[in-house]
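Novice: Supplied structure: protein-v6.cif, mmCIF, C-alpha atoms.
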data_entry
#
loop_
_atom_site.label_atom_id
_atom_site.label_comp_id
_atom_site.auth_asym_id
_atom_site.auth_seq_id
_atom_site.Cartn_x
_atom_site.Cartn_y
_atom_site.Cartn_z
CA MET R 1 -12.19 -5.57 3.31
CA ALA R 2 -15.07 -5.12 0.92
CA ARG R 3 -17.01 -2.31 2.52
CA TYR R 4 -16.52 1.12 1.01
CA VAL R 5 -17.21 4.35 2.83
CA THR R 6 -16.64 8.04 2.31
CA ASN R 7 -14.40 9.41 5.07
CA THR R 8 -14.86 13.12 5.68
CA ARG R 9 -12.59 13.48 8.73
CA LEU R 10 -10.12 16.36 8.61
CA LEU R 11 -6.42 16.14 9.35
CA GLU R 12 -6.95 15.99 13.10
CA PRO R 13 -4.79 13.71 15.27
CA SER R 14 -6.50 11.04 17.32
CA ARG R 15 -5.51 10.48 20.94
CA ALA R 16 -3.52 7.42 19.87
CA ALA R 17 -1.72 9.49 17.26
CA ARG R 18 -0.78 12.15 19.81
CA VAL R 19 0.70 9.49 22.05
CA GLY R 20 2.50 7.92 19.08
CA VAL R 21 4.01 11.23 18.00
CA VAL R 22 5.30 11.89 21.53
CA VAL R 23 6.81 8.40 21.70
CA VAL R 24 8.52 8.68 18.31
CA ILE R 25 9.88 12.19 18.86
CA GLY R 26 11.01 11.42 22.39
CA ALA R 27 12.73 8.23 21.35
CA ALA R 28 14.37 9.97 18.40
CA TRP R 29 15.80 12.59 20.80
CA ALA R 30 17.06 9.84 23.10
CA ALA R 31 18.45 7.60 20.35
CA PRO R 32 21.99 9.07 20.22
CA SER R 33 22.41 8.52 23.94
CA ALA R 34 21.21 4.91 23.98
CA ALA R 35 23.43 2.56 25.91
CA ALA R 36 25.80 0.40 23.94
CA ASP R 37 24.10 -2.79 25.12
CA GLY R 38 20.60 -1.36 24.76
CA PRO R 39 18.28 -1.43 21.73
CA THR R 40 19.32 0.22 18.49
CA LEU R 41 16.89 3.06 17.76
CA THR R 42 16.39 4.38 14.22
CA PRO R 43 14.04 7.37 13.80
CA SER R 44 12.85 8.38 10.33
CA ALA R 45 10.49 10.80 8.64
CA MET R 46 8.92 11.28 5.22
CA VAL R 47 6.75 13.86 3.46
CA GLN R 48 5.20 13.39 0.00
CA LEU R 49 3.71 16.41 -1.79
CA TRP R 50 1.58 16.45 -4.95
CA ALA R 51 1.10 19.34 -7.34
CA THR R 52 -1.88 18.90 -9.66
CA ALA R 53 -0.97 20.95 -12.71
CA TYR R 54 -4.03 20.03 -14.79
CA ASP R 55 -7.34 18.39 -13.95
CA MET R 56 -9.73 17.54 -16.76
CA ASP R 57 -12.88 17.66 -14.62
CA VAL R 58 -15.51 19.82 -16.29
CA ASP R 59 -17.22 21.07 -13.13
CA PRO R 60 -15.11 21.16 -9.94
CA GLN R 61 -18.26 21.45 -7.82
CA ALA R 62 -20.09 18.48 -9.32
CA ASP R 63 -17.48 15.91 -10.30
CA PRO R 64 -18.71 12.31 -10.30
CA GLY R 65 -16.89 10.01 -7.87
CA GLY R 66 -15.04 6.98 -9.12
CA TYR R 67 -12.40 4.37 -8.40
CA GLY R 68 -8.86 5.71 -8.64
CA ASP R 69 -9.87 9.37 -8.82
CA PRO R 70 -8.94 11.35 -5.67
CA GLU R 71 -10.75 14.45 -6.99
CA ALA R 72 -7.67 16.60 -6.44
CA GLU R 73 -8.22 19.97 -8.09
CA THR R 74 -5.39 22.12 -9.44
CA GLY R 75 -3.05 22.99 -6.58
CA ILE R 76 -0.78 21.42 -3.97
CA SER R 77 -1.67 18.68 -1.51
CA ILE R 78 -0.01 16.41 1.04
CA GLN R 79 -0.16 12.78 -0.02
CA ARG R 80 1.65 11.32 3.01
CA ALA R 81 3.42 12.67 6.08
CA ARG R 82 5.00 10.11 8.42
CA VAL R 83 7.36 9.84 11.39
CA ALA R 84 8.56 6.43 12.53
CA LEU R 85 10.79 4.71 15.03
CA ASP R 86 12.43 1.31 14.56
CA ALA R 87 13.97 -0.48 17.54
CA GLU R 88 16.11 -3.61 17.43
CA THR R 89 17.66 -5.87 20.06
CA ASP R 90 19.31 -9.28 19.70
CA GLN R 91 15.98 -11.03 19.19
CA VAL R 92 13.28 -8.38 19.00
CA LEU R 93 12.25 -5.89 16.30
CA MET R 94 9.69 -3.14 16.88
CA ARG R 95 8.21 -0.42 14.73
CA VAL R 96 5.84 2.48 15.39
CA GLU R 97 4.83 4.80 12.55
CA VAL R 98 2.48 7.75 12.89
CA GLY R 99 1.13 9.97 10.14
CA ASN R 100 -1.47 10.38 7.44
CA SER R 101 -2.39 9.18 3.97
CA ALA R 102 -4.73 11.12 1.71
CA PRO R 103 -7.85 9.20 0.57
CA TYR R 104 -7.12 7.09 -2.49
CA ASP R 105 -10.41 8.01 -4.13
CA THR R 106 -14.05 8.74 -3.36
CA TRP R 107 -14.70 5.02 -2.78
CA PHE R 108 -12.14 3.41 -0.56
CA ASP R 109 -11.77 0.59 1.93
CA GLU R 110 -12.70 1.45 5.51
CA ASN R 111 -9.50 -0.28 6.61
CA ALA R 112 -7.26 1.80 4.33
CA PRO R 113 -5.29 4.71 5.78
CA SER R 114 -7.60 7.66 6.39
CA PRO R 115 -6.94 11.38 6.08
CA SER R 116 -6.70 11.68 9.86
CA ILE R 117 -3.31 11.62 11.58
CA ASP R 118 -3.14 8.21 13.18
CA ILE R 119 -0.99 5.17 13.89
CA GLN R 120 -0.02 3.44 10.66
CA ASP R 121 2.30 0.67 11.88
CA ALA R 122 2.57 -0.64 15.44
CA TRP R 123 4.12 -4.09 15.64
CA VAL R 124 6.68 -6.18 17.45
CA ALA R 125 8.50 -9.20 16.03
CA TRP R 126 10.42 -11.99 17.74
CA ALA R 127 13.37 -13.26 15.72
CA PRO R 128 15.42 -16.05 17.36
CA THR R 129 18.30 -15.14 15.04
CA MET R 130 18.73 -11.97 13.00
CA ALA R 131 20.55 -13.83 10.23
CA SER R 132 19.13 -13.95 6.71
CA GLY R 133 16.74 -16.86 6.25
CA SER R 134 15.40 -16.74 9.80
CA PHE R 135 12.01 -17.24 11.41
CA ARG R 136 10.04 -14.23 12.68
CA LEU R 137 6.80 -13.98 14.60
CA PHE R 138 4.92 -10.68 14.23
CA ALA R 139 2.09 -9.23 16.32
CA GLY R 140 0.41 -5.86 15.93
CA ASN R 141 -0.84 -3.59 13.17
CA ALA R 142 0.92 -4.15 9.84
CA ARG R 143 0.29 -4.70 6.12
CA VAL R 144 -1.49 -7.93 5.24
CA PRO R 145 0.81 -10.01 2.95
CA LEU R 146 -1.35 -10.25 -0.15
CA PHE R 147 -0.54 -8.13 -3.24
CA ARG R 148 3.12 -7.35 -4.00
CA GLU R 149 2.55 -3.68 -4.82
CA GLU R 150 0.69 -3.26 -1.54
CA LEU R 151 3.75 -4.62 0.27
CA ILE R 152 6.14 -2.18 -1.41
CA SER R 153 6.94 0.66 0.98
CA SER R 154 5.32 3.97 0.05
CA ARG R 155 8.88 5.38 0.08
CA SER R 156 9.71 3.16 -2.92
CA LEU R 157 6.58 3.54 -5.07
CA THR R 158 7.29 4.87 -8.55
CA PHE R 159 4.17 7.06 -8.75
CA GLN R 160 3.65 7.53 -4.98
CA GLU R 161 0.33 5.71 -5.28
CA ARG R 162 -0.54 2.10 -5.90
CA GLY R 163 -2.64 0.63 -8.67
CA VAL R 164 -6.41 0.64 -8.31
CA ALA R 165 -6.56 -3.18 -8.37
CA GLY R 166 -4.53 -3.96 -5.27
CA THR R 167 -5.80 -0.93 -3.39
CA HIS R 168 -9.40 -2.10 -3.52
CA LEU R 169 -8.80 -5.86 -3.36
CA SER R 170 -6.25 -5.94 -0.54
CA PRO R 171 -7.19 -5.39 3.13
CA GLY R 172 -4.26 -2.98 3.54
CA ARG R 173 -3.18 -2.80 7.19
CA GLU R 174 -4.83 -4.98 9.83
CA LEU R 175 -4.28 -5.93 13.46
CA GLY R 176 -3.23 -9.54 13.96
CA VAL R 177 -0.43 -12.08 14.21
CA MET R 178 1.78 -13.46 11.43
CA VAL R 179 4.64 -15.91 11.00
CA ASP R 180 7.35 -15.14 8.43
CA GLU R 181 9.79 -17.91 7.50
CA GLN R 182 12.59 -17.23 5.01
CA LEU R 183 14.54 -20.26 3.85
CA GLU R 184 18.06 -20.09 2.46
CA MET R 185 16.88 -21.63 -0.83
CA GLY R 186 14.91 -18.40 -1.50
CA LEU R 187 11.47 -19.62 -0.42
CA ARG R 188 9.51 -17.31 1.88
CA ILE R 189 6.32 -18.31 3.67
CA ARG R 190 4.04 -15.78 5.37
CA ALA R 191 0.82 -16.80 7.13
CA GLY R 192 -1.34 -14.71 9.41
CA ALA R 193 -4.68 -14.22 11.11
CA PHE R 194 -6.07 -10.69 11.28
CA ASN R 195 -9.10 -8.98 12.82
CA GLY R 196 -10.58 -8.09 9.44
CA GLY R 197 -12.43 -5.12 10.94
CA GLY R 198 -12.56 -2.68 13.81
CA ASP R 199 -9.62 -0.51 14.79
CA LEU R 200 -6.40 -0.64 16.81
CA PHE R 201 -8.27 -0.91 20.10
CA GLY R 202 -11.07 -3.31 19.30
CA ASP R 203 -12.85 -5.44 16.72
CA SER R 204 -16.28 -4.84 15.23
CA ASP R 205 -17.11 -8.57 15.00
CA ASP R 206 -15.75 -11.99 15.90
CA GLY R 207 -14.73 -12.79 12.33
CA LEU R 208 -11.15 -13.22 11.18
CA ALA R 209 -9.18 -12.87 7.97
CA GLY R 210 -6.66 -15.60 7.20
CA VAL R 211 -3.87 -15.03 4.66
CA LEU R 212 -1.17 -17.30 3.25
CA ARG R 213 1.57 -16.03 0.90
CA LEU R 214 4.24 -18.22 -0.73
CA GLU R 215 7.12 -16.59 -2.55
CA TRP R 216 10.42 -17.55 -4.16
CA ALA R 217 12.79 -14.66 -4.64
CA LYS R 218 16.35 -13.68 -5.41
CA GLY R 219 17.45 -10.18 -4.41
CA ASP R 220 15.27 -7.26 -3.27
CA THR R 221 11.96 -7.72 -5.09
CA TYR R 222 10.10 -4.91 -3.32
CA ARG R 223 11.46 -1.95 -5.29
CA THR R 224 11.37 -1.18 -9.01
CA TRP R 225 14.81 0.42 -9.27
CA SER R 226 18.20 -0.15 -7.69
CA PRO R 227 21.18 2.21 -7.54
CA ASP R 228 23.41 -0.86 -7.94
CA ARG R 229 21.50 -2.10 -11.00
CA ASP R 230 21.48 -5.56 -9.44
CA VAL R 231 19.38 -8.52 -10.59
CA ALA R 232 16.23 -9.42 -8.67
CA PHE R 233 13.44 -11.88 -9.41
CA GLY R 234 10.44 -12.91 -7.36
CA ILE R 235 7.29 -14.89 -8.01
CA ALA R 236 4.50 -15.40 -5.49
CA ALA R 237 0.94 -16.56 -4.88
CA ALA R 238 -1.35 -15.68 -1.99
CA GLY R 239 -4.79 -16.58 -0.74
CA LEU R 240 -7.34 -14.85 1.50
CA PHE R 241 -10.32 -16.06 3.51
CA GLU R 242 -12.27 -13.42 5.43
CA GLN R 243 -15.46 -13.79 7.41
CA GLU R 244 -17.19 -10.58 8.50
CA ILE R 245 -20.53 -10.40 10.27
CA ALA R 246 -22.63 -10.81 7.12
CA THR R 247 -20.12 -11.23 4.28
CA ARG R 248 -17.63 -13.93 3.35
CA THR R 249 -14.69 -13.22 1.01
CA VAL R 250 -12.54 -15.91 -0.60
CA GLY R 251 -9.91 -15.43 -3.27
CA GLY R 252 -6.30 -15.25 -4.27
CA GLU R 253 -3.69 -13.51 -6.34
CA ALA R 254 -0.40 -14.17 -8.16
CA ASP R 255 2.43 -11.73 -8.84
CA MET R 256 5.98 -11.38 -10.05
CA LEU R 257 8.78 -8.83 -10.28
CA LEU R 258 11.85 -8.97 -12.51
CA ARG R 259 14.61 -6.37 -12.34
CA ALA R 260 17.80 -6.64 -14.37
CA GLY R 261 20.12 -3.75 -15.07
CA GLY R 262 17.88 -0.74 -15.52
CA PHE R 263 14.84 -2.74 -16.66
CA CYS R 264 11.99 -3.72 -14.32
CA LEU R 265 8.69 -5.55 -14.87
CA LEU R 266 6.00 -5.94 -12.20
CA ALA R 267 2.78 -7.87 -12.80
CA GLU R 268 0.00 -9.08 -10.50
CA GLY R 269 -3.61 -10.13 -10.68
CA GLY R 270 -6.28 -11.32 -8.28
CA LEU R 271 -9.80 -12.79 -8.30
CA PHE R 272 -12.09 -12.76 -5.26
CA ARG R 273 -15.65 -13.85 -4.57
CA LEU R 274 -17.91 -12.19 -2.02
CA ALA R 275 -21.11 -13.79 -0.75
CA PRO R 276 -23.67 -12.92 1.95
CA THR R 277 -23.65 -15.14 5.02
CA ALA R 278 -26.92 -17.09 5.18
CA GLY R 279 -29.19 -16.44 8.13
CA VAL R 280 -27.38 -13.36 9.46
CA THR R 281 -29.61 -10.37 10.26
CA ALA R 282 -27.32 -8.41 12.62
CA ASP R 283 -25.76 -6.44 9.77
CA LEU R 284 -26.24 -5.77 6.07
CA PRO R 285 -23.93 -7.76 3.80
CA ASP R 286 -21.58 -5.94 1.44
CA VAL R 287 -23.26 -7.82 -1.45
CA PHE R 288 -26.70 -9.40 -1.67
CA GLU R 289 -25.68 -12.26 -3.96
CA GLY R 290 -22.46 -13.98 -4.94
CA THR R 291 -20.22 -11.36 -6.59
CA GLY R 292 -16.84 -11.72 -8.27
CA ARG R 293 -14.19 -9.01 -8.10
CA PHE R 294 -11.15 -8.95 -10.33
CA GLY R 295 -8.07 -6.81 -10.67
CA LEU R 296 -4.71 -6.74 -12.42
CA THR R 297 -1.71 -4.43 -12.54
CA GLY R 298 1.28 -4.31 -14.86
CA GLN R 299 4.18 -1.87 -14.66
CA MET R 300 7.27 -1.58 -16.85
CA SER R 301 10.14 0.82 -16.32
CA TYR R 302 13.72 1.55 -17.27
CA THR R 303 16.13 3.48 -15.07
CA ILE R 304 18.95 5.54 -16.51
CA GLY R 305 21.89 5.87 -14.16
CA LEU R 306 22.88 9.44 -13.29
CA PRO R 307 25.77 10.89 -11.25
CA ASP R 308 23.19 11.49 -8.51
CA GLY R 309 20.62 8.68 -8.33
CA GLY R 310 18.72 7.47 -11.37
CA LEU R 311 15.95 8.56 -13.76
CA GLU R 312 13.17 5.95 -13.90
CA ILE R 313 10.90 6.14 -16.96
CA ALA R 314 7.78 4.12 -16.23
CA GLY R 315 4.30 3.18 -17.37
CA ARG R 316 1.63 1.28 -15.45
CA TYR R 317 -1.82 -0.06 -16.26
CA SER R 318 -4.15 -1.17 -13.46
CA ARG R 319 -7.68 -2.50 -13.90
CA TYR R 320 -10.39 -3.14 -11.33
CA ASP R 321 -13.84 -4.67 -11.75
CA ASP R 322 -16.02 -4.58 -8.64
CA ALA R 323 -18.68 -6.94 -10.09
CA THR R 324 -17.53 -9.25 -12.87
CA GLY R 325 -21.08 -10.24 -13.76
CA ILE R 326 -22.11 -6.78 -14.97
CA GLN R 327 -20.64 -3.92 -17.00
CA ASP R 328 -20.95 -0.53 -15.31
CA ASN R 329 -18.81 2.25 -13.88
CA GLY R 330 -17.30 -0.25 -11.48
CA ASP R 331 -15.12 -1.39 -14.43
CA VAL R 332 -12.16 0.98 -14.57
CA GLY R 333 -8.67 1.07 -16.02
CA ILE R 334 -6.02 3.59 -15.01
CA VAL R 335 -2.78 4.32 -16.85
CA HIS R 336 0.12 6.13 -15.18
CA GLY R 337 2.97 7.34 -17.37
CA GLY R 338 5.88 9.49 -16.30
CA LEU R 339 9.38 9.67 -14.89
CA VAL R 340 10.98 9.88 -11.47
CA TRP R 341 14.42 11.20 -10.52
CA HIS R 342 15.32 8.99 -7.56
CA ASP R 343 17.87 10.24 -5.06
CA LEU R 344 18.27 13.67 -6.60
CA SER R 345 19.99 14.13 -3.27
CA SER R 346 20.27 11.49 -0.57
CA ALA R 347 16.80 12.41 0.66
CA VAL R 348 14.81 13.81 -2.32
CA ASP R 349 12.88 12.24 -5.21
CA LEU R 350 11.14 14.25 -7.95
CA GLY R 351 8.54 12.98 -10.41
CA ALA R 352 5.96 14.04 -12.97
CA GLY R 353 3.42 12.19 -15.07
CA TYR R 354 0.03 11.87 -16.75
CA ILE R 355 -2.84 9.82 -15.29
CA LEU R 356 -5.34 8.50 -17.84
CA ARG R 357 -8.57 7.16 -16.34
CA MET R 358 -10.82 4.93 -18.44
CA GLU R 359 -14.34 3.70 -17.71
CA HIS R 360 -14.55 0.29 -19.38
CA GLY R 361 -18.27 0.06 -18.64
CA GLY R 362 -21.05 2.56 -18.06
CA GLN R 363 -20.58 6.28 -18.69
CA SER R 364 -17.23 7.87 -19.55
CA PHE R 365 -16.00 10.95 -17.70
CA ALA R 366 -13.38 13.59 -18.39
CA ASN R 367 -11.15 12.96 -15.37
CA ASP R 368 -7.50 12.76 -16.50
CA THR R 369 -4.77 14.51 -14.51
CA VAL R 370 -1.27 15.92 -14.96
CA ARG R 371 0.68 15.65 -11.73
CA ALA R 372 4.11 16.44 -10.30
CA TRP R 373 5.34 15.08 -6.99
CA VAL R 374 8.23 15.30 -4.56
CA GLN R 375 9.36 13.10 -1.70
CA VAL R 376 11.62 14.26 1.11
CA ARG R 377 12.74 11.62 3.58
CA THR R 378 15.36 10.52 6.01
CA LEU R 379 17.14 7.31 5.13
CA ASN R 380 15.32 4.25 6.43
CA PRO R 381 15.49 0.59 5.31
CA GLN R 382 11.75 -0.01 5.88
#
Let me see the file written as structure tokens.
Specialist:
Amino acid sequence: MARYVTNTRLLEPSRAARVGVVVVIGAAWAAPSAAADGPTLTPSAMVQLWATAYDMDVDPQADPGGYGDPEAETGISIQRARVALDAETDQVLMRVEVGNSAPYDTWFDENAPSPSIDIQDAWVAWAPTMASGSFRLFAGNARVPLFREELISSRSLTFQERGVAGTHLSPGRELGVMVDEQLEMGLRIRAGAFNGGGDLFGDSDDGLAGVLRLEWAKGDTYRTWSPDRDVAFGIAAAGLFEQEIATRTVGGEADMLLRAGGFCLLAEGGLFRLAPTAGVTADLPDVFEGTGRFGLTGQMSYTIGLPDGGLEIAGRYSRYDDATGIQDNGDVGIVHGGLVWHDLSSAVDLGAGYILRMEHGGQSFANDTVRAWVQVRTLNPQ
């Protein structure tokens, strides 16, 4: 979770991705002819494009790297491109999603989606009953249930990217097992054990990451706008314990989302402590002494109903500190401000905004951005 690398791989599909693409496309072609008593197959696809209209960087060839700055120069880029297949029977749910995600910034988690085309989700879930408030047991590669914004589908993100806090404090997707119990009273309990390292076909060490998330919610609390303008409220707390070869991470977070009418407020914050494992010489630790890491995100928006979809006017502030004991360029704050026209048609979202990046410690850089974005998708509940 805590190790940062620079990934220079190009958009080349791995062997697993090639197989995944064939499976998804083949199943999508076969879906209409599925037997009535067979599984229900739902194919979907999504493409997100960014247009950087203005980049404040002084020298495009020598820009300093930093948290939350993808170093996108003026021009057009692909943020995400995904194809997915969902399958459902009386007691089993399955999902396979293949595609890419552009690097979040020049320092990002090795477990975060890379620029290569690869498998994003690959999980199966056993659900004794499909009714609301049921028990589900998941196994496979999926998002670790920690920060709320990390659990919001990329199809539903206001700015098509998450705040810098959750991105660098959350493990993202991991391979493991998880139980998910939803009670009729609104309480939801998710607990899982994940590899904490390695890839889809192996693990780099014998350590594990354990996560527990408790949440009480009313309505859909994993989107910031609703075409029905319904009321939703959720509050949650989660904890993480991760043991890698030479580094131990312990911490937790708390979050909430309130949506009423066109108004929505999302807030979350987390504090984690990393420490080297005593006596281990097989690998270098991510830190050489006890180090605290802190992050918070707050987003407020209001959606104006339109004949086609809605116009969400939003602002978000996210802060990340990679070492709470010192002040340096690891202390950053990023403000997103802009608007999004959701459901311009049944499959298109349009947005534009300004990204203000602040260095709260160390040296300041001219690195603000003006960005426009578009999302084209097929309808999918995930």
Novice: Name every residue that the PyMOL selection byres ((chain R and resi 228) around 12) selects in this structure, writing the answer as a ChimeraX atom specification with chains first and numbers rising.
Specialist: /R:219-220,225-227,229-232,259-262,303-306,309-310
Novice: The PyMOL selection byres ((chain R and resi 210) around 12) - which residues does that actually catch in the file I just gave you? List them as a JSON list (two decimals) with C-alpha atoms, in the frame of the given file.
Specialist:
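Done, and the output landed in result-v7.json:
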[["chain", "number", "residue", "atom", "x", "y", "z"],
["R", 144, "VAL", "CA", -1.49, -7.93, 5.24],
["R", 145, "PRO", "CA", 0.81, -10.01, 2.95],
["R", 146, "LEU", "CA", -1.35, -10.25, -0.15],
["R", 171, "PRO", "CA", -7.19, -5.39, 3.13],
["R", 174, "GLU", "CA", -4.83, -4.98, 9.83],
["R", 175, "LEU", "CA", -4.28, -5.93, 13.46],
["R", 176, "GLY", "CA", -3.23, -9.54, 13.96],
["R", 177, "VAL", "CA", -0.43, -12.08, 14.21],
["R", 178, "MET", "CA", 1.78, -13.46, 11.43],
["R", 179, "VAL", "CA", 4.64, -15.91, 11.00],
["R", 190, "ARG", "CA", 4.04, -15.78, 5.37],
["R", 191, "ALA", "CA", 0.82, -16.80, 7.13],
["R", 192, "GLY", "CA", -1.34, -14.71, 9.41],
["R", 193, "ALA", "CA", -4.68, -14.22, 11.11],
["R", 194, "PHE", "CA", -6.07, -10.69, 11.28],
["R", 195, "ASN", "CA", -9.10, -8.98, 12.82],
["R", 196, "GLY", "CA", -10.58, -8.09, 9.44],
["R", 207, "GLY", "CA", -14.73, -12.79, 12.33],
["R", 208, "LEU", "CA", -11.15, -13.22, 11.18],
["R", 209, "ALA", "CA", -9.18, -12.87, 7.97],
["R", 211, "VAL", "CA", -3.87, -15.03, 4.66],
["R", 212, "LEU", "CA", -1.17, -17.30, 3.25],
["R", 213, "ARG", "CA", 1.57, -16.03, 0.90],
["R", 238, "ALA", "CA", -1.35, -15.68, -1.99],
["R", 239, "GLY", "CA", -4.79, -16.58, -0.74],
["R", 240, "LEU", "CA", -7.34, -14.85, 1.50],
["R", 241, "PHE", "CA", -10.32, -16.06, 3.51],
["R", 242, "GLU", "CA", -12.27, -13.42, 5.43],
["R", 243, "GLN", "CA", -15.46, -13.79, 7.41],
["R", 244, "GLU", "CA", -17.19, -10.58, 8.50],
["R", 248, "ARG", "CA", -17.63, -13.93, 3.35],
["R", 249, "THR", "CA", -14.69, -13.22, 1.01],
["R", 250, "VAL", "CA", -12.54, -15.91, -0.60],
["R", 251, "GLY", "CA", -9.91, -15.43, -3.27],
["R", 252, "GLY", "CA", -6.30, -15.25, -4.27]]
Novice: Can you tell me how far atom CA of Ile235 of chain R sits from atom CA of His168 of chain R, in Å to one decimal?
Specialist: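 Atom-to-atom, atom CA of Ile235 of chain R and atom CA of His168 of chain R are spaced 21.5 Å apart.
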Novice: So the first atom is atom CA of Arg293 of chain R and the second is atom CA of Glu268 of chain R; what is the distance between them in Å, to one decimal place?
Specialist: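 That distance, rounded to one decimal, is 14.4 Å.
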Novice: Just to confirm, what's the straight-line distance from atom CA of Ser170 of chain R to atom CA of Glu150 of chain R in Å (one decimal)?
Specialist: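 Those two atoms sit 7.5 Å apart.
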Novice: Would you kindly translate the PyMOL selection byres ((chain R and resi 80) around 7) into the concrete residues it picks from this file, as a VMD selection string?
Specialist: chain R and resid 47 to 48 78 to 79 81 to 82 100 to 102
Novice: Considering all atoms listed in the file, can you say which of R:Gly333, R:Pro307, R:Gly351, R:Gly362 comes closest to Phe159 of chain R?
Specialist: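 Selected residue with least distance to Phe159 of chain R: R:Gly351.
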Novice: Neighbours of Leu265 of chain R within 9 Å (all atoms listed in the file; same-chain residues fewer than 6 positions away dropped), as a ChimeraX atom specification?
Specialist: /R:224,256-259,298-301
